[in-house]
$ cat my_file_36.cif   # mmCIF, C-alpha atoms; chains and numbers go by the auth columns
data_start
#
loop_
_atom_site.group_PDB
_atom_site.id
_atom_site.type_symbol
_atom_site.label_atom_id
_atom_site.label_comp_id
_atom_site.label_asym_id
_atom_site.label_seq_id
_atom_site.Cartn_x
_atom_site.Cartn_y
_atom_site.Cartn_z
_atom_site.B_iso_or_equiv
_atom_site.auth_seq_id
_atom_site.auth_asym_id
ATOM 1 C CA MET A 1 22.830 -55.074 65.282 0.00 1 A
ATOM 2 C CA ASP A 2 21.692 -58.691 65.029 0.00 2 A
ATOM 3 C CA GLU A 3 22.992 -60.558 61.997 0.00 3 A
ATOM 4 C CA HIS A 4 19.947 -61.366 59.923 0.00 4 A
ATOM 5 C CA GLY A 5 19.580 -62.493 56.341 0.00 5 A
ATOM 6 C CA GLU A 6 22.141 -62.889 53.581 0.00 6 A
ATOM 7 C CA ASN A 7 25.494 -61.106 53.557 0.00 7 A
ATOM 8 C CA ASP A 8 24.514 -58.992 50.549 0.00 8 A
ATOM 9 C CA PHE A 9 21.416 -57.732 52.372 0.00 9 A
ATOM 10 C CA MET A 10 23.446 -56.826 55.462 0.00 10 A
ATOM 11 C CA ARG A 11 26.044 -54.973 53.409 0.00 11 A
ATOM 12 C CA GLN A 12 23.395 -52.964 51.606 0.00 12 A
ATOM 13 C CA PHE A 13 21.540 -52.234 54.839 0.00 13 A
ATOM 14 C CA LYS A 14 24.717 -51.006 56.522 0.00 14 A
ATOM 15 C CA LYS A 15 25.363 -48.637 53.606 0.00 15 A
ATOM 16 C CA TYR A 16 21.795 -47.376 53.900 0.00 16 A
ATOM 17 C CA VAL A 17 22.123 -46.639 57.627 0.00 17 A
ATOM 18 C CA GLN A 18 25.478 -44.921 57.150 0.00 18 A
ATOM 19 C CA ARG A 19 23.963 -42.767 54.411 0.00 19 A
ATOM 20 C CA GLU A 20 20.721 -41.888 56.194 0.00 20 A
ATOM 21 C CA HIS A 21 21.889 -41.628 59.810 0.00 21 A
ATOM 22 C CA MET A 22 24.626 -39.011 59.956 0.00 22 A
ATOM 23 C CA PRO A 23 26.255 -38.945 63.418 0.00 23 A
ATOM 24 C CA ASN A 24 27.470 -35.742 65.028 0.00 24 A
ATOM 25 C CA LEU A 25 29.397 -34.698 68.114 0.00 25 A
ATOM 26 C CA PHE A 26 26.449 -35.370 70.422 0.00 26 A
ATOM 27 C CA SER A 27 24.744 -38.389 68.855 0.00 27 A
ATOM 28 C CA GLY A 28 25.514 -41.394 66.740 0.00 28 A
ATOM 29 C CA GLY A 29 28.024 -44.214 67.046 0.00 29 A
ATOM 30 C CA ASP A 30 29.503 -47.268 65.409 0.00 30 A
ATOM 31 C CA PHE A 31 27.222 -49.540 63.427 0.00 31 A
ATOM 32 C CA ASN A 32 28.138 -53.200 63.061 0.00 32 A
ATOM 33 C CA PHE A 33 26.517 -56.622 62.872 0.00 33 A
ATOM 34 C CA GLY A 34 26.965 -59.349 65.453 0.00 34 A
ATOM 35 C CA ALA A 35 25.601 -62.767 66.333 0.00 35 A
ATOM 36 C CA SER A 36 22.824 -62.473 68.904 0.00 36 A
ATOM 37 C CA HIS A 37 23.439 -65.854 70.540 0.00 37 A
ATOM 38 C CA GLY A 38 26.729 -64.621 71.971 0.00 38 A
ATOM 39 C CA ASN A 39 25.704 -61.104 72.969 0.00 39 A
ATOM 40 C CA THR A 40 23.039 -60.451 75.597 0.00 40 A
ATOM 41 C CA MET A 41 22.770 -56.760 74.640 0.00 41 A
ATOM 42 C CA ILE A 42 21.883 -57.690 71.063 0.00 42 A
ATOM 43 C CA GLN A 43 19.364 -60.194 72.402 0.00 43 A
ATOM 44 C CA LEU A 44 17.804 -57.465 74.563 0.00 44 A
ATOM 45 C CA ALA A 45 17.742 -55.013 71.644 0.00 45 A
ATOM 46 C CA ASP A 46 16.146 -57.682 69.457 0.00 46 A
ATOM 47 C CA PHE A 47 13.508 -58.337 72.121 0.00 47 A
ATOM 48 C CA ILE A 48 12.678 -54.630 72.533 0.00 48 A
ATOM 49 C CA ALA A 49 12.637 -54.047 68.770 0.00 49 A
ATOM 50 C CA GLY A 50 10.317 -57.012 68.326 0.00 50 A
ATOM 51 C CA THR A 51 8.014 -55.687 71.040 0.00 51 A
ATOM 52 C CA LEU A 52 7.888 -52.256 69.409 0.00 52 A
ATOM 53 C CA GLY A 53 7.205 -53.976 66.108 0.00 53 A
ATOM 54 C CA ARG A 54 4.039 -55.370 67.698 0.00 54 A
ATOM 55 C CA CYS A 55 3.040 -51.763 68.365 0.00 55 A
ATOM 56 C CA PHE A 56 3.932 -50.012 65.099 0.00 56 A
ATOM 57 C CA ASP A 57 4.392 -52.546 62.297 0.00 57 A
ATOM 58 C CA GLU A 58 1.000 -52.745 60.579 0.00 58 A
ATOM 59 C CA THR A 59 1.640 -56.391 59.691 0.00 59 A
ATOM 60 C CA LYS A 60 2.388 -57.344 63.311 0.00 60 A
ATOM 61 C CA ILE A 61 0.084 -55.152 65.405 0.00 61 A
ATOM 62 C CA SER A 62 -0.989 -56.945 68.574 0.00 62 A
ATOM 63 C CA LYS A 63 -4.054 -56.447 70.745 0.00 63 A
ATOM 64 C CA GLU A 64 -1.591 -56.041 73.631 0.00 64 A
ATOM 65 C CA SER A 65 0.181 -53.133 71.892 0.00 65 A
ATOM 66 C CA LYS A 66 -1.121 -50.566 74.367 0.00 66 A
ATOM 67 C CA ASP A 67 0.037 -52.675 77.312 0.00 67 A
ATOM 68 C CA PHE A 68 3.491 -53.080 75.756 0.00 68 A
ATOM 69 C CA LEU A 69 3.849 -49.321 75.335 0.00 69 A
ATOM 70 C CA ASN A 70 2.717 -48.637 78.900 0.00 70 A
ATOM 71 C CA ILE A 71 5.306 -51.082 80.246 0.00 71 A
ATOM 72 C CA LEU A 72 8.076 -49.542 78.138 0.00 72 A
ATOM 73 C CA GLN A 73 7.078 -45.906 78.744 0.00 73 A
ATOM 74 C CA PRO A 74 9.463 -45.264 81.686 0.00 74 A
ATOM 75 C CA LYS A 75 12.393 -46.499 79.583 0.00 75 A
ATOM 76 C CA ILE A 76 11.667 -44.965 76.167 0.00 76 A
ATOM 77 C CA THR A 77 13.460 -41.684 75.530 0.00 77 A
ATOM 78 C CA SER A 78 12.555 -41.489 71.832 0.00 78 A
ATOM 79 C CA LEU A 79 11.605 -43.611 68.846 0.00 79 A
ATOM 80 C CA ASN A 80 13.416 -43.236 65.541 0.00 80 A
ATOM 81 C CA HIS A 81 11.836 -44.747 62.445 0.00 81 A
ATOM 82 C CA PHE A 82 13.884 -46.078 59.532 0.00 82 A
ATOM 83 C CA PRO A 83 13.239 -44.674 57.044 0.00 83 A
ATOM 84 C CA SER A 84 12.089 -41.424 58.659 0.00 84 A
ATOM 85 C CA ASP A 85 8.325 -41.356 59.009 0.00 85 A
ATOM 86 C CA ASN A 86 6.654 -38.065 59.849 0.00 86 A
ATOM 87 C CA ARG A 87 3.122 -39.361 59.592 0.00 87 A
ATOM 88 C CA SER A 88 0.716 -38.814 62.418 0.00 88 A
ATOM 89 C CA TYR A 89 -0.380 -41.961 64.218 0.00 89 A
ATOM 90 C CA TYR A 90 -3.699 -40.607 65.473 0.00 90 A
ATOM 91 C CA THR A 91 -6.269 -43.341 65.630 0.00 91 A
ATOM 92 C CA GLU A 92 -9.709 -42.897 64.151 0.00 92 A
ATOM 93 C CA ALA A 93 -11.102 -43.089 67.682 0.00 93 A
ATOM 94 C CA VAL A 94 -9.051 -40.059 68.690 0.00 94 A
ATOM 95 C CA LYS A 95 -10.408 -38.083 65.758 0.00 95 A
ATOM 96 C CA GLU A 96 -13.915 -38.706 67.043 0.00 96 A
ATOM 97 C CA GLU A 97 -13.184 -37.122 70.432 0.00 97 A
ATOM 98 C CA ALA A 98 -15.270 -33.990 70.936 0.00 98 A
ATOM 99 C CA THR A 99 -12.349 -31.773 71.938 0.00 99 A
ATOM 100 C CA PHE A 100 -9.966 -32.997 69.247 0.00 100 A
ATOM 101 C CA ASN A 101 -9.216 -30.450 66.518 0.00 101 A
ATOM 102 C CA PRO A 102 -7.343 -32.076 63.603 0.00 102 A
ATOM 103 C CA GLU A 103 -6.072 -28.759 62.206 0.00 103 A
ATOM 104 C CA ILE A 104 -4.585 -27.690 65.537 0.00 104 A
ATOM 105 C CA ALA A 105 -3.165 -31.169 66.151 0.00 105 A
ATOM 106 C CA ALA A 106 -1.594 -31.205 62.685 0.00 106 A
ATOM 107 C CA ALA A 107 -0.075 -27.757 63.241 0.00 107 A
ATOM 108 C CA GLY A 108 1.568 -28.906 66.474 0.00 108 A
ATOM 109 C CA PHE A 109 2.648 -32.234 65.007 0.00 109 A
ATOM 110 C CA ASN A 110 4.166 -30.629 61.906 0.00 110 A
ATOM 111 C CA SER A 111 5.951 -27.919 63.899 0.00 111 A
ATOM 112 C CA ALA A 112 7.623 -30.629 65.993 0.00 112 A
ATOM 113 C CA ASN A 113 8.727 -32.697 63.005 0.00 113 A
ATOM 114 C CA LEU A 114 10.019 -29.629 61.174 0.00 114 A
ATOM 115 C CA PHE A 115 12.123 -28.703 64.191 0.00 115 A
ATOM 116 C CA ILE A 116 13.595 -32.211 64.441 0.00 116 A
ATOM 117 C CA ASP A 117 14.417 -32.249 60.726 0.00 117 A
ATOM 118 C CA GLN A 118 16.039 -28.813 60.624 0.00 118 A
ATOM 119 C CA LYS A 119 17.679 -28.369 64.032 0.00 119 A
ATOM 120 C CA LYS A 120 21.479 -28.269 63.886 0.00 120 A
ATOM 121 C CA VAL A 121 23.277 -29.851 66.832 0.00 121 A
ATOM 122 C CA LYS A 122 26.096 -27.681 68.149 0.00 122 A
ATOM 123 C CA SER A 123 25.733 -28.134 71.898 0.00 123 A
ATOM 124 C CA GLN A 124 24.298 -30.443 74.526 0.00 124 A
ATOM 125 C CA TYR A 125 21.263 -28.186 74.845 0.00 125 A
ATOM 126 C CA ASP A 126 20.549 -28.610 71.123 0.00 126 A
ATOM 127 C CA THR A 127 20.471 -32.362 71.698 0.00 127 A
ATOM 128 C CA ASP A 128 18.216 -31.868 74.731 0.00 128 A
ATOM 129 C CA GLN A 129 15.820 -29.785 72.650 0.00 129 A
ATOM 130 C CA ILE A 130 15.575 -32.407 69.906 0.00 130 A
ATOM 131 C CA ASN A 131 15.095 -35.228 72.401 0.00 131 A
ATOM 132 C CA CYS A 132 12.466 -33.248 74.285 0.00 132 A
ATOM 133 C CA VAL A 133 10.450 -32.658 71.107 0.00 133 A
ATOM 134 C CA LYS A 134 10.782 -36.347 70.220 0.00 134 A
ATOM 135 C CA LEU A 135 9.403 -37.220 73.649 0.00 135 A
ATOM 136 C CA LEU A 136 6.452 -34.870 73.211 0.00 136 A
ATOM 137 C CA LEU A 137 5.718 -36.479 69.844 0.00 137 A
ATOM 138 C CA LEU A 138 6.019 -39.948 71.345 0.00 138 A
ATOM 139 C CA TYR A 139 3.580 -39.178 74.153 0.00 139 A
ATOM 140 C CA PHE A 140 1.185 -37.312 71.881 0.00 140 A
ATOM 141 C CA ASN A 141 0.934 -40.180 69.412 0.00 141 A
ATOM 142 C CA ASN A 142 0.958 -43.117 71.783 0.00 142 A
ATOM 143 C CA TYR A 143 -0.053 -42.148 75.310 0.00 143 A
ATOM 144 C CA GLY A 144 -2.991 -39.812 74.834 0.00 144 A
ATOM 145 C CA PHE A 145 -3.281 -36.479 73.066 0.00 145 A
ATOM 146 C CA ASN A 146 -4.814 -34.929 76.204 0.00 146 A
ATOM 147 C CA LYS A 147 -2.007 -36.046 78.520 0.00 147 A
ATOM 148 C CA TYR A 148 0.414 -33.454 79.870 0.00 148 A
ATOM 149 C CA THR A 149 3.885 -34.736 80.739 0.00 149 A
ATOM 150 C CA GLY A 150 5.437 -33.296 83.869 0.00 150 A
ATOM 151 C CA THR A 151 8.747 -31.459 84.084 0.00 151 A
ATOM 152 C CA LYS A 152 10.370 -34.102 86.283 0.00 152 A
ATOM 153 C CA GLU A 153 9.413 -36.936 83.928 0.00 153 A
ATOM 154 C CA LEU A 154 10.792 -35.120 80.892 0.00 154 A
ATOM 155 C CA ILE A 155 14.018 -34.254 82.720 0.00 155 A
ATOM 156 C CA ARG A 156 14.384 -37.867 83.871 0.00 156 A
ATOM 157 C CA HIS A 157 14.295 -39.051 80.263 0.00 157 A
ATOM 158 C CA LEU A 158 16.576 -36.287 78.992 0.00 158 A
ATOM 159 C CA THR A 159 19.167 -37.019 81.672 0.00 159 A
ATOM 160 C CA VAL A 160 19.759 -40.536 80.304 0.00 160 A
ATOM 161 C CA GLY A 161 23.207 -40.545 78.701 0.00 161 A
ATOM 162 C CA ARG A 162 23.760 -36.883 79.525 0.00 162 A
ATOM 163 C CA PRO A 163 27.234 -35.994 80.908 0.00 163 A
ATOM 164 C CA ASP A 164 25.740 -33.858 83.695 0.00 164 A
ATOM 165 C CA SER A 165 22.362 -33.227 85.288 0.00 165 A
ATOM 166 C CA LEU A 166 19.722 -30.940 83.797 0.00 166 A
ATOM 167 C CA THR A 167 18.203 -28.488 86.265 0.00 167 A
ATOM 168 C CA GLU A 168 14.561 -27.439 86.112 0.00 168 A
ATOM 169 C CA HIS A 169 15.620 -23.845 85.462 0.00 169 A
ATOM 170 C CA ASN A 170 17.783 -24.825 82.485 0.00 170 A
ATOM 171 C CA PHE A 171 15.087 -27.186 81.249 0.00 171 A
ATOM 172 C CA ARG A 172 12.544 -24.370 81.159 0.00 172 A
ATOM 173 C CA THR A 173 14.848 -21.682 79.755 0.00 173 A
ATOM 174 C CA LYS A 174 17.264 -23.592 77.518 0.00 174 A
ATOM 175 C CA VAL A 175 15.066 -26.446 76.365 0.00 175 A
ATOM 176 C CA ILE A 176 11.340 -25.615 76.445 0.00 176 A
ATOM 177 C CA GLY A 177 11.896 -21.876 75.975 0.00 177 A
ATOM 178 C CA LYS A 178 14.244 -22.342 73.024 0.00 178 A
ATOM 179 C CA VAL A 179 11.987 -24.943 71.442 0.00 179 A
ATOM 180 C CA ARG A 180 9.079 -22.512 71.592 0.00 180 A
ATOM 181 C CA ASP A 181 11.268 -19.715 70.234 0.00 181 A
ATOM 182 C CA ALA A 182 12.031 -21.972 67.263 0.00 182 A
ATOM 183 C CA GLY A 183 8.330 -22.288 66.465 0.00 183 A
ATOM 184 C CA VAL A 184 7.361 -25.602 68.049 0.00 184 A
ATOM 185 C CA LEU A 185 3.822 -25.360 69.405 0.00 185 A
ATOM 186 C CA VAL A 186 4.314 -26.577 72.963 0.00 186 A
ATOM 187 C CA VAL A 187 1.466 -25.830 75.357 0.00 187 A
ATOM 188 C CA SER A 188 1.651 -26.107 79.122 0.00 188 A
ATOM 189 C CA SER A 189 -0.619 -26.299 82.121 0.00 189 A
ATOM 190 C CA SER A 190 -0.077 -25.839 85.838 0.00 190 A
ATOM 191 C CA ALA A 191 -3.610 -26.614 86.987 0.00 191 A
ATOM 192 C CA GLY A 192 -4.600 -29.726 88.916 0.00 192 A
ATOM 193 C CA GLU A 193 -3.627 -33.082 87.459 0.00 193 A
ATOM 194 C CA ASN A 194 -2.918 -31.577 84.044 0.00 194 A
ATOM 195 C CA THR A 195 0.500 -30.227 84.935 0.00 195 A
ATOM 196 C CA GLY A 196 3.281 -30.263 82.382 0.00 196 A
ATOM 197 C CA TYR A 197 3.788 -29.922 78.646 0.00 197 A
ATOM 198 C CA LYS A 198 2.375 -31.372 75.441 0.00 198 A
ATOM 199 C CA LEU A 199 1.611 -30.641 71.810 0.00 199 A
ATOM 200 C CA PRO A 200 -1.776 -28.962 71.274 0.00 200 A
ATOM 201 C CA SER A 201 -4.786 -30.926 70.091 0.00 201 A
ATOM 202 C CA SER A 202 -7.652 -28.526 70.776 0.00 202 A
ATOM 203 C CA LEU A 203 -8.594 -24.875 70.964 0.00 203 A
ATOM 204 C CA GLU A 204 -8.910 -25.329 74.713 0.00 204 A
ATOM 205 C CA ASP A 205 -5.208 -26.257 74.894 0.00 205 A
ATOM 206 C CA LEU A 206 -4.279 -22.996 73.174 0.00 206 A
ATOM 207 C CA HIS A 207 -6.620 -20.912 75.325 0.00 207 A
ATOM 208 C CA LYS A 208 -5.185 -22.486 78.473 0.00 208 A
ATOM 209 C CA PHE A 209 -1.652 -21.626 77.356 0.00 209 A
ATOM 210 C CA ILE A 210 -2.569 -18.047 76.442 0.00 210 A
ATOM 211 C CA SER A 211 -4.495 -17.627 79.684 0.00 211 A
ATOM 212 C CA HIS A 212 -1.417 -18.633 81.668 0.00 212 A
ATOM 213 C CA GLY A 213 0.720 -16.099 79.811 0.00 213 A
ATOM 214 C CA ASN A 214 -1.951 -13.441 80.099 0.00 214 A
ATOM 215 C CA SER A 215 -2.117 -13.887 83.880 0.00 215 A
ATOM 216 C CA MET A 216 1.571 -12.975 84.136 0.00 216 A
ATOM 217 C CA ILE A 217 2.078 -10.502 81.293 0.00 217 A
ATOM 218 C CA MET A 218 -0.855 -8.161 81.881 0.00 218 A
ATOM 219 C CA PRO A 219 -0.213 -7.527 85.607 0.00 219 A
ATOM 220 C CA MET A 220 3.464 -6.851 84.853 0.00 220 A
ATOM 221 C CA LEU A 221 2.564 -4.385 82.102 0.00 221 A
ATOM 222 C CA GLN A 222 0.118 -2.653 84.440 0.00 222 A
ATOM 223 C CA ARG A 223 2.847 -2.276 87.077 0.00 223 A
ATOM 224 C CA ILE A 224 5.263 -0.794 84.547 0.00 224 A
ATOM 225 C CA LYS A 225 2.542 1.569 83.344 0.00 225 A
ATOM 226 C CA LEU A 226 1.879 2.671 86.927 0.00 226 A
ATOM 227 C CA PHE A 227 5.593 3.364 87.494 0.00 227 A
ATOM 228 C CA ARG A 228 5.796 5.263 84.220 0.00 228 A
ATOM 229 C CA ASP A 229 2.729 7.386 84.907 0.00 229 A
ATOM 230 C CA LYS A 230 3.875 8.335 88.418 0.00 230 A
ATOM 231 C CA ILE A 231 7.349 9.355 87.238 0.00 231 A
ATOM 232 C CA LYS A 232 5.904 11.380 84.365 0.00 232 A
ATOM 233 C CA LEU A 233 3.506 13.084 86.772 0.00 233 A
ATOM 234 C CA SER A 234 6.273 13.824 89.290 0.00 234 A
ATOM 235 C CA THR A 235 8.557 15.293 86.613 0.00 235 A
ATOM 236 C CA LEU A 236 5.832 17.169 84.724 0.00 236 A
ATOM 237 C CA ASN A 237 6.347 14.809 81.776 0.00 237 A
ATOM 238 C CA GLY A 238 10.060 15.538 81.842 0.00 238 A
ATOM 239 C CA THR A 239 11.089 11.899 82.282 0.00 239 A
ATOM 240 C CA ASP A 240 9.708 8.894 80.457 0.00 240 A
ATOM 241 C CA ILE A 241 11.269 5.696 81.807 0.00 241 A
ATOM 242 C CA VAL A 242 10.591 3.781 78.558 0.00 242 A
ATOM 243 C CA GLU A 243 12.038 6.413 76.236 0.00 243 A
ATOM 244 C CA LYS A 244 15.233 4.428 75.617 0.00 244 A
ATOM 245 C CA ASN A 245 15.455 2.798 72.195 0.00 245 A
ATOM 246 C CA GLU A 246 15.660 -0.703 73.699 0.00 246 A
ATOM 247 C CA PHE A 247 12.164 -0.181 75.163 0.00 247 A
ATOM 248 C CA LYS A 248 10.501 1.066 71.980 0.00 248 A
ATOM 249 C CA GLU A 249 8.272 -2.002 71.531 0.00 249 A
ATOM 250 C CA LEU A 250 7.289 -1.880 75.185 0.00 250 A
ATOM 251 C CA LYS A 251 6.511 1.835 74.818 0.00 251 A
ATOM 252 C CA LYS A 252 4.142 1.066 71.939 0.00 252 A
ATOM 253 C CA LEU A 253 2.294 -1.431 74.121 0.00 253 A
ATOM 254 C CA LEU A 254 2.039 0.981 77.036 0.00 254 A
ATOM 255 C CA ASP A 255 0.874 3.809 74.775 0.00 255 A
ATOM 256 C CA SER A 256 -1.948 1.570 73.560 0.00 256 A
ATOM 257 C CA PHE A 257 -3.260 1.144 77.113 0.00 257 A
ATOM 258 C CA LYS A 258 -6.084 3.391 78.171 0.00 258 A
#
$ encode --input "my_file_36.cif" --output "structure tokens"
Amino acid sequence: MDEHGENDFMRQFKKYVQREHMPNLFSGGDFNFGASHGNTMIQLADFIAGTLGRCFDETKISKESKDFLNILQPKITSLNHFPSDNRSYYTEAVKEEATFNPEIAAAGFNSANLFIDQKKVKSQYDTDQINCVKLLLLYFNNYGFNKYTGTKELIRHLTVGRPDSLTEHNFRTKVIGKVRDAGVLVVSSSAGENTGYKLPSSLEDLHKFISHGNSMIMPMLQRIKLFRDKIKLSTLNGTDIVEKNEFKELKKLLDSFK
């Protein structure tokens, strides 16, 4: 980090970072001060940090903030605020959008922040999950609440610094799937230009997600029901293919069908 200010300030700031930013096996690193004039990486970091300051620091906001973020978008994998800041950055203009539902947006936003705060990192996939949720938050707050981010773009960001590549199958099953299992409200779309993932901001987002699931789940249940009915008919009700204990929840669903 760039040396800035008096020695006492730098010592206290270093203690603060060491206390608040606990590294683990998959993230974190050394934290030291250095003179920027002799280190091009520190100069670059200072330049990027200053640019982001023009986007997020209320005392330095620039009218070019949106342009800065668009230029940096391909390179940003996540943004960490010191101290941690879980506030929503929705603009008042966004709140006036006809499709925007603040309760739904807050539910998605809070579910993402809760996951980031509570997720324990024990494997590379845990790190991928946290970084993916951070990306979804970043895009939701800064690049449009209606914008879906494609699978390839998310994987491209998550691959940065990763020891090996992340396949689309593993991304869907071990990242997005696990994130949803943990309670993060991630909606998806596979229609037209709106292909990808995002946090929900409207009832339409939720309906679109449920509709996608419904289009796959209901036909599959109907097929299983057809198999079950034919076997029961052929065996004079002697064999029920969902009688096993592991299928008891499925059996309840099928029994509810008319």
$ resolve_selection --input "my_file_36.cif" --expression "the PyMOL selection byres ((chain A and resi 254) around 12)" --output "list of chain:residue names"
A:Met218, A:Met220, A:Leu221, A:Gln222, A:Arg223, A:Ile224, A:Lys225, A:Leu226, A:Phe227, A:Arg228, A:Asp229, A:Asp240, A:Ile241, A:Val242, A:Glu243, A:Phe247, A:Lys248, A:Glu249, A:Leu250, A:Lys251, A:Lys252, A:Leu253, A:Asp255, A:Ser256, A:Phe257, A:Lys258
$ atom_distance --input "my_file_36.cif" --atom1 "CA of Leu158 in chain A" --atom2 "CA of Tyr125 in chain A"
10.2 Å
$ atom_distance --input "my_file_36.cif" --atom1 "CA of Ser65 in chain A" --atom2 "CA of Ser202 in chain A"
25.8 Å
$ closest_residue --input "my_file_36.cif" --among "A:Gly108, A:Gly238, A:Pro163, A:Gly150" --to "Asp205 in chain A" --atoms "only C-alpha atoms"
A:Gly108
$ residues_around --input "my_file_36.cif" --residues "Val179 in chain A" --least-positions-apart "2" --cutoff "10 Å" --atoms "all atoms listed in the file" --output "number ranges by chain"
A: 112, 115, 119, 126, 128-130, 132-133, 172-177, 181-186
$ atom_distance --input "my_file_36.cif" --atom1 "CA of Leu138 in chain A" --atom2 "CA of Asn110 in chain A"
13.4 Å
$ axis_aligned_box --input "my_file_36.cif" --around "range 230-249 of chain A" --padding-each-side "4 Å" --output "JSON"
{"center_x": 9.6, "center_y": 7.6, "center_z": 80.4, "size_x": 20.2, "size_y": 27.2, "size_z": 25.8}
